file work-v6.cif (mmCIF, C-alpha atoms)
data_upload
#
loop_
_atom_site.label_atom_id
_atom_site.label_comp_id
_atom_site.auth_asym_id
_atom_site.auth_seq_id
_atom_site.Cartn_x
_atom_site.Cartn_y
_atom_site.Cartn_z
CA MET A 1 104.84 74.68 107.21
CA PRO A 2 107.25 72.54 109.28
CA ALA A 3 110.54 74.04 110.44
CA PRO A 4 113.40 73.53 107.95
CA THR A 5 115.45 70.34 108.19
CA ASP A 6 118.76 72.10 107.47
CA PRO A 7 120.31 72.99 110.87
CA ALA A 8 121.34 76.54 109.90
CA ALA A 9 117.94 77.29 108.38
CA ARG A 10 116.17 75.76 111.38
CA ARG A 11 118.18 77.98 113.73
CA ALA A 12 117.27 81.03 111.63
CA TYR A 13 113.60 80.06 111.91
CA GLU A 14 113.76 79.52 115.67
CA LEU A 15 115.57 82.80 116.28
CA ASP A 16 113.10 84.62 114.07
CA ARG A 17 110.17 83.26 116.06
CA ALA A 18 111.89 84.12 119.34
CA HIS A 19 113.11 87.63 118.56
CA VAL A 20 111.87 89.15 115.28
CA PHE A 21 108.76 91.35 115.28
CA HIS A 22 107.27 91.33 111.76
CA SER A 23 105.42 94.13 109.98
CA TRP A 24 101.69 94.06 109.17
CA SER A 25 101.18 90.80 111.09
CA ALA A 26 99.62 89.19 114.13
CA GLN A 27 102.85 87.75 115.50
CA GLY A 28 101.44 84.52 116.92
CA ALA A 29 100.01 83.43 113.58
CA LEU A 30 103.27 83.73 111.65
CA ASP A 31 105.10 80.81 110.08
CA PRO A 32 107.72 82.47 107.87
CA MET A 33 109.52 80.64 105.11
CA VAL A 34 113.29 80.73 105.59
CA VAL A 35 115.03 81.95 102.43
CA THR A 36 118.64 80.86 102.24
CA ARG A 37 119.63 82.23 98.85
CA ALA A 38 118.30 83.84 95.68
CA GLU A 39 119.37 84.29 92.09
CA GLY A 40 117.65 85.93 89.14
CA SER A 41 113.94 85.13 89.30
CA TYR A 42 114.24 82.40 91.96
CA VAL A 43 114.63 82.00 95.73
CA TRP A 44 115.45 78.85 97.73
CA ASP A 45 113.98 77.85 101.09
CA GLY A 46 115.63 76.17 104.09
CA ASP A 47 115.04 72.72 102.62
CA GLY A 48 116.71 73.63 99.33
CA ARG A 49 113.45 73.94 97.41
CA ARG A 50 113.36 76.46 94.58
CA TYR A 51 110.52 78.97 94.03
CA LEU A 52 109.84 81.23 91.08
CA ASP A 53 109.39 84.74 92.49
CA PHE A 54 106.35 86.24 90.76
CA SER A 55 106.10 88.86 93.52
CA SER A 56 109.52 90.49 93.12
CA GLN A 57 109.38 90.31 96.93
CA LEU A 58 107.45 93.54 97.63
CA VAL A 59 107.46 94.50 93.93
CA ASN A 60 110.97 95.87 94.27
CA THR A 61 113.51 93.41 92.82
CA ASN A 62 113.06 94.86 89.33
CA ILE A 63 116.55 93.76 88.28
CA GLY A 64 116.12 90.31 89.84
CA HIS A 65 118.04 88.76 92.71
CA GLN A 66 121.84 88.95 92.97
CA HIS A 67 122.48 90.74 89.68
CA PRO A 68 126.27 90.32 89.36
CA LYS A 69 126.96 93.91 88.25
CA VAL A 70 125.10 95.36 91.23
CA VAL A 71 126.67 92.94 93.71
CA ALA A 72 130.13 93.79 92.32
CA ALA A 73 129.43 97.53 92.60
CA ILE A 74 128.44 97.20 96.26
CA LYS A 75 131.62 95.22 96.99
CA ALA A 76 133.79 97.74 95.15
CA GLN A 77 132.19 100.68 96.97
CA ALA A 78 132.67 98.94 100.33
CA ASP A 79 136.40 98.74 99.61
CA VAL A 80 136.59 102.51 99.08
CA LEU A 81 133.95 104.24 101.22
CA CYS A 82 131.29 102.38 103.20
CA THR A 83 129.61 105.44 104.66
CA ILE A 84 129.88 109.21 104.86
CA GLY A 85 127.53 111.87 106.19
CA PRO A 86 125.12 113.66 103.84
CA PRO A 87 126.91 117.05 104.07
CA TYR A 88 129.85 115.63 102.08
CA ALA A 89 129.81 115.08 98.34
CA ASN A 90 130.90 111.68 97.06
CA THR A 91 131.11 109.98 93.69
CA ALA A 92 128.40 107.37 94.23
CA ARG A 93 125.74 109.85 95.37
CA SER A 94 126.59 112.45 92.71
CA GLU A 95 126.52 109.90 89.90
CA ALA A 96 123.27 108.32 91.13
CA ALA A 97 121.61 111.75 91.22
CA ARG A 98 122.77 112.48 87.67
CA LEU A 99 121.50 109.20 86.27
CA ILE A 100 118.13 109.54 88.00
CA ALA A 101 117.62 113.16 86.91
CA GLU A 102 118.54 112.28 83.32
CA ARG A 103 115.72 109.75 83.20
CA ALA A 104 113.14 111.98 84.83
CA PRO A 105 110.92 114.35 82.81
CA GLU A 106 112.52 117.58 81.68
CA GLY A 107 112.76 120.26 84.34
CA LEU A 108 113.30 117.91 87.32
CA ASN A 109 117.02 118.16 87.98
CA LYS A 110 117.61 117.77 91.72
CA VAL A 111 117.38 114.62 93.86
CA PHE A 112 116.88 114.43 97.63
CA PHE A 113 117.82 110.95 98.82
CA THR A 114 116.00 109.02 101.53
CA ASN A 115 116.18 105.47 102.83
CA ALA A 116 112.83 104.29 101.43
CA GLY A 117 109.58 105.28 99.75
CA ALA A 118 107.66 106.38 102.83
CA GLU A 119 110.41 108.85 103.75
CA ALA A 120 110.35 110.10 100.17
CA VAL A 121 106.63 110.83 100.49
CA GLU A 122 107.15 112.53 103.87
CA ASN A 123 109.73 114.88 102.41
CA ALA A 124 107.87 115.53 99.15
CA VAL A 125 104.82 116.64 101.14
CA ARG A 126 107.04 118.82 103.35
CA MET A 127 108.53 120.46 100.25
CA ALA A 128 105.09 121.08 98.76
CA ARG A 129 103.73 122.63 101.95
CA LEU A 130 106.71 124.91 102.37
CA HIS A 131 106.76 125.87 98.68
CA THR A 132 103.06 126.81 98.64
CA GLY A 133 102.55 127.95 102.22
CA ARG A 134 99.47 125.72 102.33
CA GLN A 135 98.60 122.72 104.49
CA LYS A 136 96.13 120.31 102.86
CA VAL A 137 97.17 117.35 100.72
CA LEU A 138 94.73 115.38 98.56
CA SER A 139 95.15 111.66 97.82
CA THR A 140 92.92 108.90 96.54
CA TYR A 141 91.13 106.04 98.15
CA ARG A 142 92.65 102.80 96.81
CA SER A 143 96.20 104.02 97.30
CA TYR A 144 99.26 103.22 99.39
CA HIS A 145 101.97 105.76 100.15
CA GLY A 146 103.89 104.23 103.08
CA ALA A 147 103.71 103.58 106.81
CA THR A 148 105.24 106.70 108.37
CA THR A 149 102.85 109.26 109.85
CA THR A 150 102.23 111.49 106.83
CA ALA A 151 102.45 108.63 104.34
CA ILE A 152 99.99 106.37 106.17
CA ASN A 153 97.48 109.19 106.55
CA LEU A 154 97.67 109.79 102.82
CA THR A 155 97.13 106.08 102.19
CA GLY A 156 93.67 105.07 101.07
CA ASP A 157 93.47 101.47 102.25
CA PRO A 158 92.51 99.90 105.62
CA ARG A 159 96.04 100.06 106.98
CA ARG A 160 95.36 103.75 107.54
CA TRP A 161 92.45 103.18 109.90
CA PRO A 162 94.34 102.18 113.09
CA ASN A 163 96.98 104.85 112.40
CA GLU A 164 94.81 107.96 112.06
CA PHE A 165 96.17 110.02 114.93
CA GLY A 166 97.71 112.90 112.99
CA ASN A 167 95.37 113.29 110.05
CA ALA A 168 94.78 117.06 109.99
CA GLY A 169 95.09 118.37 106.45
CA PHE A 170 94.63 115.06 104.61
CA VAL A 171 91.68 114.72 102.22
CA HIS A 172 90.77 111.63 100.20
CA PHE A 173 88.93 111.49 96.90
CA PHE A 174 88.01 108.81 94.35
CA GLY A 175 90.41 108.22 91.49
CA PRO A 176 89.37 106.61 88.20
CA PHE A 177 88.77 102.86 88.22
CA LEU A 178 86.37 101.80 85.48
CA TYR A 179 85.96 98.17 86.59
CA ARG A 180 84.58 99.26 89.97
CA SER A 181 83.58 102.77 88.94
CA PRO A 182 82.29 105.04 91.71
CA PHE A 183 80.96 107.29 88.95
CA HIS A 184 78.66 104.78 87.19
CA ALA A 185 80.75 105.17 84.05
CA THR A 186 80.60 102.66 81.20
CA THR A 187 83.60 103.81 79.14
CA GLU A 188 87.11 105.02 79.90
CA ALA A 189 86.22 108.44 78.49
CA GLU A 190 83.25 108.72 80.87
CA GLU A 191 85.34 107.53 83.80
CA CYS A 192 88.03 110.07 83.04
CA ALA A 193 85.64 113.00 82.67
CA ARG A 194 83.62 112.14 85.77
CA ALA A 195 86.69 111.47 87.91
CA LEU A 196 88.13 114.86 86.95
CA GLU A 197 84.80 116.56 87.65
CA HIS A 198 84.72 114.89 91.06
CA LEU A 199 88.27 116.03 91.83
CA GLU A 200 87.47 119.57 90.75
CA GLN A 201 84.48 119.59 93.10
CA VAL A 202 86.64 118.34 95.99
CA ILE A 203 89.16 121.12 95.29
CA THR A 204 86.36 123.69 95.21
CA PHE A 205 84.76 122.56 98.46
CA GLU A 206 88.09 122.16 100.29
CA GLY A 207 89.26 125.58 99.12
CA PRO A 208 91.89 125.77 96.37
CA GLY A 209 93.96 128.23 98.38
CA THR A 210 94.31 125.71 101.22
CA ILE A 211 95.65 122.82 99.13
CA ALA A 212 99.41 122.33 98.94
CA ALA A 213 99.54 119.15 96.85
CA ILE A 214 97.76 116.32 95.12
CA ILE A 215 99.67 113.06 95.39
CA LEU A 216 98.87 110.19 93.05
CA GLU A 217 100.46 106.83 92.41
CA THR A 218 100.83 107.11 88.65
CA VAL A 219 99.66 103.51 88.43
CA PRO A 220 98.33 102.49 91.86
CA GLY A 221 100.22 99.40 92.96
CA THR A 222 99.24 97.58 96.14
CA ALA A 223 95.72 98.98 95.78
CA GLY A 224 95.11 97.14 92.52
CA ILE A 225 97.35 98.13 89.56
CA MET A 226 94.84 100.45 87.91
CA PRO A 227 96.36 102.33 84.94
CA PRO A 228 94.53 105.65 84.66
CA PRO A 229 92.41 106.31 81.57
CA PRO A 230 93.88 108.48 78.80
CA GLY A 231 93.69 112.14 79.67
CA TYR A 232 93.22 111.76 83.42
CA LEU A 233 96.72 112.70 84.58
CA ALA A 234 96.81 115.56 82.06
CA GLY A 235 93.55 116.77 83.60
CA VAL A 236 95.05 116.58 87.10
CA ARG A 237 98.07 118.53 85.88
CA GLU A 238 95.76 121.23 84.51
CA LEU A 239 93.80 121.50 87.77
CA CYS A 240 97.06 121.79 89.71
CA ASP A 241 98.35 124.51 87.38
CA ARG A 242 95.07 126.42 87.58
CA HIS A 243 95.08 126.50 91.37
CA GLY A 244 98.79 126.64 92.19
CA ILE A 245 98.79 123.10 93.61
CA VAL A 246 101.90 120.90 93.58
CA TYR A 247 101.46 117.63 91.68
CA ILE A 248 103.38 114.77 93.35
CA ALA A 249 103.75 111.54 91.36
CA ASP A 250 104.34 108.57 93.65
CA GLU A 251 106.48 106.23 91.55
CA VAL A 252 107.86 104.18 94.44
CA MET A 253 106.41 100.96 92.99
CA ALA A 254 105.70 101.94 89.38
CA GLY A 255 109.07 103.50 88.59
CA PHE A 256 112.33 102.18 87.16
CA GLY A 257 111.05 99.85 84.47
CA ARG A 258 108.10 98.25 86.24
CA THR A 259 105.55 99.54 83.69
CA GLY A 260 107.91 99.21 80.72
CA THR A 261 109.18 102.81 80.90
CA TRP A 262 111.68 104.44 83.24
CA PHE A 263 108.85 106.23 85.01
CA ALA A 264 105.17 105.44 84.64
CA VAL A 265 104.39 109.11 83.87
CA ASP A 266 106.24 108.56 80.58
CA HIS A 267 103.14 106.69 79.36
CA TYR A 268 100.93 109.73 79.94
CA ASP A 269 103.00 112.69 78.71
CA VAL A 270 102.75 114.65 81.96
CA THR A 271 105.41 116.33 84.07
CA PRO A 272 104.86 116.32 87.84
CA ASP A 273 106.44 118.86 90.18
CA LEU A 274 107.86 116.14 92.44
CA ILE A 275 108.43 112.40 91.90
CA THR A 276 108.95 109.99 94.77
CA PHE A 277 110.92 106.81 94.10
CA ALA A 278 112.50 103.82 95.87
CA LYS A 279 112.20 100.04 95.30
CA GLY A 280 113.33 99.51 91.70
CA VAL A 281 116.01 102.21 91.75
CA ASN A 282 118.40 99.52 93.00
CA SER A 283 116.02 96.60 93.63
CA GLY A 284 116.41 97.07 97.37
CA TYR A 285 119.91 95.58 97.45
CA VAL A 286 120.71 98.42 99.88
CA PRO A 287 117.73 100.54 101.05
CA LEU A 288 117.31 103.74 98.99
CA GLY A 289 114.55 106.16 98.07
CA GLY A 290 114.21 109.79 97.17
CA VAL A 291 112.42 112.78 95.72
CA ILE A 292 113.12 114.18 92.25
CA ILE A 293 112.50 117.90 92.46
CA SER A 294 111.41 120.41 89.83
CA ASP A 295 113.58 123.45 89.27
CA ALA A 296 110.87 125.77 90.60
CA ILE A 297 110.51 123.93 93.91
CA ALA A 298 114.26 123.46 94.27
CA ALA A 299 114.67 127.23 93.86
CA THR A 300 112.43 127.78 96.90
CA PHE A 301 115.23 126.39 99.01
CA ASP A 302 118.13 128.22 97.36
CA GLU A 303 118.14 130.78 100.17
CA ARG A 304 115.67 129.16 102.55
CA VAL A 305 116.77 126.21 104.67
CA PHE A 306 114.97 122.95 103.93
CA PRO A 307 114.05 121.60 107.37
CA GLY A 308 114.61 117.92 106.71
CA GLY A 309 117.37 115.37 106.50
CA LEU A 310 118.47 111.84 107.32
CA THR A 311 121.72 110.43 108.66
CA TYR A 312 121.90 107.97 105.77
CA SER A 313 120.63 110.23 102.98
CA GLY A 314 122.39 109.11 99.82
CA HIS A 315 124.30 106.31 101.54
CA PRO A 316 127.32 105.39 99.38
CA LEU A 317 126.60 101.65 99.25
CA ALA A 318 122.97 102.30 98.28
CA CYS A 319 123.91 104.87 95.66
CA ALA A 320 126.60 102.64 94.20
CA ALA A 321 123.93 99.96 93.85
CA ALA A 322 121.64 102.47 92.13
CA VAL A 323 124.34 103.50 89.67
CA ALA A 324 125.05 99.87 88.77
CA THR A 325 121.34 99.09 88.51
CA ILE A 326 120.56 101.99 86.17
CA GLU A 327 123.61 101.25 84.03
CA ALA A 328 122.71 97.56 83.80
CA MET A 329 119.09 98.37 82.96
CA THR A 330 120.29 100.66 80.19
CA GLU A 331 122.97 98.36 78.77
CA GLU A 332 120.83 95.23 78.93
CA ARG A 333 117.65 96.99 77.71
CA ILE A 334 115.76 95.73 80.75
CA VAL A 335 113.09 98.44 80.56
CA GLU A 336 112.37 97.58 76.94
CA HIS A 337 112.31 93.88 77.87
CA ALA A 338 109.67 94.55 80.52
CA ALA A 339 107.54 96.47 78.02
CA GLU A 340 107.78 93.67 75.46
CA LEU A 341 106.89 90.96 77.96
CA GLY A 342 103.82 92.86 79.06
CA GLU A 343 102.56 93.53 75.56
CA ARG A 344 103.45 90.23 73.92
CA VAL A 345 103.22 87.64 76.73
CA ILE A 346 101.67 88.68 80.05
CA GLY A 347 98.71 90.69 78.82
CA PRO A 348 97.62 88.20 76.13
CA ARG A 349 98.09 85.16 78.41
CA LEU A 350 96.15 86.70 81.30
CA ARG A 351 93.32 87.77 79.01
CA GLU A 352 93.22 84.27 77.54
CA MET A 353 93.01 82.84 81.08
CA ALA A 354 90.11 85.19 81.81
CA GLU A 355 88.15 83.61 78.98
CA ARG A 356 88.44 80.20 80.67
CA HIS A 357 88.39 81.05 84.38
CA PRO A 358 85.11 82.52 85.67
CA VAL A 359 86.94 83.67 88.82
CA ILE A 360 88.78 86.35 86.83
CA GLY A 361 86.63 89.46 86.72
CA ASP A 362 89.18 91.87 85.29
CA VAL A 363 92.72 91.89 83.87
CA ARG A 364 94.73 95.11 83.87
CA GLY A 365 98.32 96.27 83.75
CA LEU A 366 101.41 97.46 81.91
CA GLY A 367 104.92 96.08 81.50
CA VAL A 368 105.50 93.55 84.29
CA PHE A 369 102.86 95.18 86.50
CA TRP A 370 99.53 93.30 86.25
CA ALA A 371 96.56 92.41 88.43
CA LEU A 372 93.80 89.83 88.29
CA ASP A 373 90.61 90.99 90.01
CA LEU A 374 89.11 87.76 91.36
CA VAL A 375 85.35 87.57 91.87
CA VAL A 376 82.65 85.20 93.08
CA ASP A 377 80.30 86.39 90.36
CA ARG A 378 81.23 88.28 87.20
CA GLU A 379 77.82 89.93 86.93
CA THR A 380 77.77 91.36 90.45
CA LYS A 381 81.59 91.70 90.68
CA GLU A 382 81.45 90.38 94.25
CA PRO A 383 85.10 90.04 95.31
CA LEU A 384 86.56 86.62 96.14
CA ALA A 385 87.76 88.10 99.44
CA PRO A 386 86.34 91.04 101.40
CA TYR A 387 87.89 94.51 101.29
CA GLY A 388 90.65 94.55 103.87
CA GLY A 389 90.67 90.78 104.37
CA SER A 390 91.21 87.33 102.93
CA SER A 391 89.09 84.22 102.37
CA PRO A 392 89.44 80.42 102.29
CA ALA A 393 89.39 80.55 98.50
CA ILE A 394 92.34 82.94 98.37
CA ALA A 395 94.23 80.93 100.99
CA GLU A 396 93.70 77.75 98.98
CA LEU A 397 94.94 79.40 95.77
CA MET A 398 98.02 80.90 97.42
CA GLY A 399 98.88 77.63 99.19
CA ALA A 400 98.57 75.63 95.98
CA ALA A 401 100.78 78.08 94.09
CA LYS A 402 103.48 77.91 96.75
CA LYS A 403 103.29 74.11 96.80
CA ALA A 404 103.83 74.17 93.04
CA GLY A 405 106.89 76.39 93.45
CA LEU A 406 105.41 79.83 92.67
CA LEU A 407 105.47 82.85 94.99
CA LEU A 408 102.55 85.19 94.26
CA PHE A 409 101.69 88.70 95.44
CA ASN A 410 98.18 88.77 96.91
CA ASN A 411 96.19 91.69 98.27
CA TYR A 412 92.60 91.03 99.38
CA HIS A 413 90.77 89.60 96.32
CA ARG A 414 93.56 90.24 93.82
CA ILE A 415 96.56 88.37 92.50
CA HIS A 416 99.29 90.68 91.20
CA VAL A 417 101.54 89.31 88.47
CA VAL A 418 104.72 91.30 89.15
CA PRO A 419 107.86 89.26 88.35
CA PRO A 420 111.29 90.88 87.95
CA CYS A 421 111.75 93.02 84.85
CA THR A 422 114.61 90.66 83.98
CA ILE A 423 112.53 87.47 83.94
CA SER A 424 113.05 85.31 80.86
CA GLU A 425 110.17 84.36 78.62
CA ALA A 426 110.64 80.69 79.56
CA GLU A 427 110.49 81.52 83.29
CA LEU A 428 107.46 83.70 82.70
CA GLU A 429 105.66 80.90 80.87
CA GLU A 430 106.56 78.51 83.71
CA GLY A 431 104.93 80.79 86.26
CA LEU A 432 101.89 81.57 84.13
CA ALA A 433 101.27 77.85 83.63
CA ILE A 434 101.24 77.30 87.42
CA LEU A 435 98.97 80.30 87.89
CA ASP A 436 96.61 78.98 85.23
CA GLU A 437 96.44 75.62 87.02
CA VAL A 438 95.77 77.00 90.51
CA LEU A 439 93.10 79.41 89.26
CA SER A 440 91.00 76.31 88.56
CA LEU A 441 90.80 75.81 92.33
CA ALA A 442 89.42 79.31 92.75
CA ASP A 443 86.90 78.73 89.95
CA ALA A 444 85.13 76.24 92.23
CA HIS A 445 84.31 79.12 94.61
CA THR A 446 82.42 81.13 91.96
CA THR A 447 78.72 80.98 91.20
CA VAL A 448 79.56 79.21 87.94
CA GLY A 449 81.73 76.70 89.80
CA ALA A 450 79.00 76.09 92.35
CA VAL A 451 76.55 75.22 89.55
CA VAL A 452 79.05 72.85 87.94
CA THR A 453 79.72 71.17 91.31
CA ALA A 454 75.99 70.80 91.96
CA ARG A 455 75.55 69.01 88.65
#

call {"tool": "encode", "arguments": {"input": "work-v6.cif", "output": "structure tokens"}}
result
Amino acid sequence: MPAPTDPAARRAYELDRAHVFHSWSAQGALDPMVVTRAEGSYVWDGDGRRYLDFSSQLVNTNIGHQHPKVVAAIKAQADVLCTIGPPYANTARSEAARLIAERAPEGLNKVFFTNAGAEAVENAVRMARLHTGRQKVLSTYRSYHGATTTAINLTGDPRRWPNEFGNAGFVHFFGPFLYRSPFHATTEAEECARALEHLEQVITFEGPGTIAAIILETVPGTAGIMPPPPGYLAGVRELCDRHGIVYIADEVMAGFGRTGTWFAVDHYDVTPDLITFAKGVNSGYVPLGGVIISDAIAATFDERVFPGGLTYSGHPLACAAAVATIEAMTEERIVEHAAELGERVIGPRLREMAERHPVIGDVRGLGVFWALDLVVDRETKEPLAPYGGSSPAIAELMGAAKKAGLLLFNNYHRIHVVPPCTISEAELEEGLAILDEVLSLADAHTTVGAVVTAR
């Protein structure tokens, strides 16, 4: 896209290209959009054009952009105490920990604060290893746990491949995913049973006494938004209990209202030993993450030193933002709003689109956390883009959506419908209408579209 016409935005663009090194990117191919402001479900570019944010940025602005209560809380905290070291208690951190623990499953009462989700995973794994005295950690293919050393080695997507330099003790297995079942299952019940049998075999062959933890995204996010079948997480909990393995629930993306509950595990009636969180806890207004710790694991470190910490653990500005976010979500019933939108609007509309668009192979999700699995052929389920890559069809769809004023979240052959939990029904319908329109472009790249074009 051309550089912005506004002088300030143009300077931001030029300085970015001269000095900023971006994540997950070949630097020479970048052409970033300059965002000058944001509010609610919208952002504005350097030319003053408005876009509906159906991506929640990186699926983290659960409370939307510039929520006035959160902005006010950050300003008020800055007037009192901008920063203080983690050894000192302060009101913002203490209150944030209380509010988070109150919303976690019973028996998880302590919170270790980090700056982001990857650090939360790093420290949760460290706690599990020290608590059990074991080394190995099991995680699924089709997962993402972060980009620090432990987190990226646990990750089950191609971003792990060039980073596998410290992968001792990490074992991957297949989680349940009926649409692309590795177990040749035809029903959710079969997928659940076979996935648990597979996991039990992996535990057996790896040696139960060597395994410190199993870490699972409760609902895998970047990897495809795949809600587990009924009974699967309960089965994992049972396997962990049987073998003395710590169960870590990665709720960095799925937590704090994204699935229509405070934590995604609330849908499945299971209690993990550790929960990692970040993103939606304060919508990223100031970076914050953490680990919610069970009483049993916390007790391990009553007399034993926990060998971990961060200069900005529980930063006052970040914690003040978390307090305001959780209070606003409670008072404004934002979690319930997300659940209602998913059940009444998003799910039905996406399934209706699937009936008309041959490019949609599968629709799945909860709350405001949905994915469209796009395919060339519904019978073969051939993806519209290769695993680990993109395609002209995807590029055309994404470009058309942006031109129409809609920012989408795309990963490989999938479009993720992940707007803020605060989005209004009118805004949601606006975005879904644009998505419906641009999916017609992708239909032309399917086998059905090819036949229609040939005629």

call {"tool": "residues_around", "arguments": {"input": "work-v6.cif", "residues": "A:His65", "least_positions_apart": "6", "cutoff": "6 Å", "atoms": "only C-alpha atoms", "output": "MDAnalysis selection string"}}
result
chainID A and resid 38:40

call {"tool": "closest_residue", "arguments": {"input": "work-v6.cif", "among": "A:Gly347, A:Pro316, A:Pro419, A:Gly365", "to": "A:Asp79", "atoms": "only C-alpha atoms"}}
result
A:Pro316

call {"tool": "closest_residue", "arguments": {"input": "work-v6.cif", "among": "A:Leu406, A:Val171, A:Ala385, A:Met353", "to": "A:Arg49", "atoms": "all atoms listed in the file"}}
result
A:Leu406

call {"tool": "axis_aligned_box", "arguments": {"input": "work-v6.cif", "around": "stretch 144-157 of chain A", "padding_each_side": "8 Å", "output": "AutoDock Vina command-line options"}}
result
--center_x 99.4 --center_y 106.5 --center_z 104.6 --size_x 27.8 --size_y 26.0 --size_z 26.5

call {"tool": "atom_distance", "arguments": {"input": "work-v6.cif", "atom1": "atom CA of A:Lys279", "atom2": "atom CA of A:Asp45"}}
result
23.0 Å

call {"tool": "resolve_selection", "arguments": {"input": "work-v6.cif", "expression": "the PyMOL selection byres ((chain A and resi 249) around 7)", "output": "CSV table (one decimal) with C-alpha atoms, keeping the file's coordinate frame"}}
result
chain,number,residue,atom,x,y,z
A,215,ILE,CA,99.7,113.1,95.4
A,216,LEU,CA,98.9,110.2,93.0
A,217,GLU,CA,100.5,106.8,92.4
A,218,THR,CA,100.8,107.1,88.6
A,247,TYR,CA,101.5,117.6,91.7
A,248,ILE,CA,103.4,114.8,93.4
A,250,ASP,CA,104.3,108.6,93.6
A,251,GLU,CA,106.5,106.2,91.6
A,272,PRO,CA,104.9,116.3,87.8
A,274,LEU,CA,107.9,116.1,92.4
A,275,ILE,CA,108.4,112.4,91.9
A,276,THR,CA,109.0,110.0,94.8

call {"tool": "closest_residue", "arguments": {"input": "work-v6.cif", "among": "A:His131, A:Lys402, A:Arg351, A:Arg17", "to": "A:Leu30", "atoms": "only C-alpha atoms"}}
result
A:Arg17

call {"tool": "closest_residue", "arguments": {"input": "work-v6.cif", "among": "A:Gly361, A:Gly231, A:Pro87, A:Gly209", "to": "A:Arg134", "atoms": "all atoms listed in the file"}}
result
A:Gly209

call {"tool": "residues_around", "arguments": {"input": "work-v6.cif", "residues": "A:Glu379", "least_positions_apart": "4", "cutoff": "12 Å", "atoms": "only C-alpha atoms", "output": "PyMOL selection string"}}
result
chain A and resi 179-180+358-362+375+383+446-448

call {"tool": "residues_near_point", "arguments": {"input": "work-v6.cif", "point": "(104.6, 82.2, 93.0)", "cutoff": "7 Å", "atoms": "all atoms listed in the file", "output": "list in words"}}
result
Tyr51, Leu52, Asp53, Phe54, Ser55, Ala401, Lys402, Gly405, Leu406, Leu407, Leu408 and Gly431 of chain A
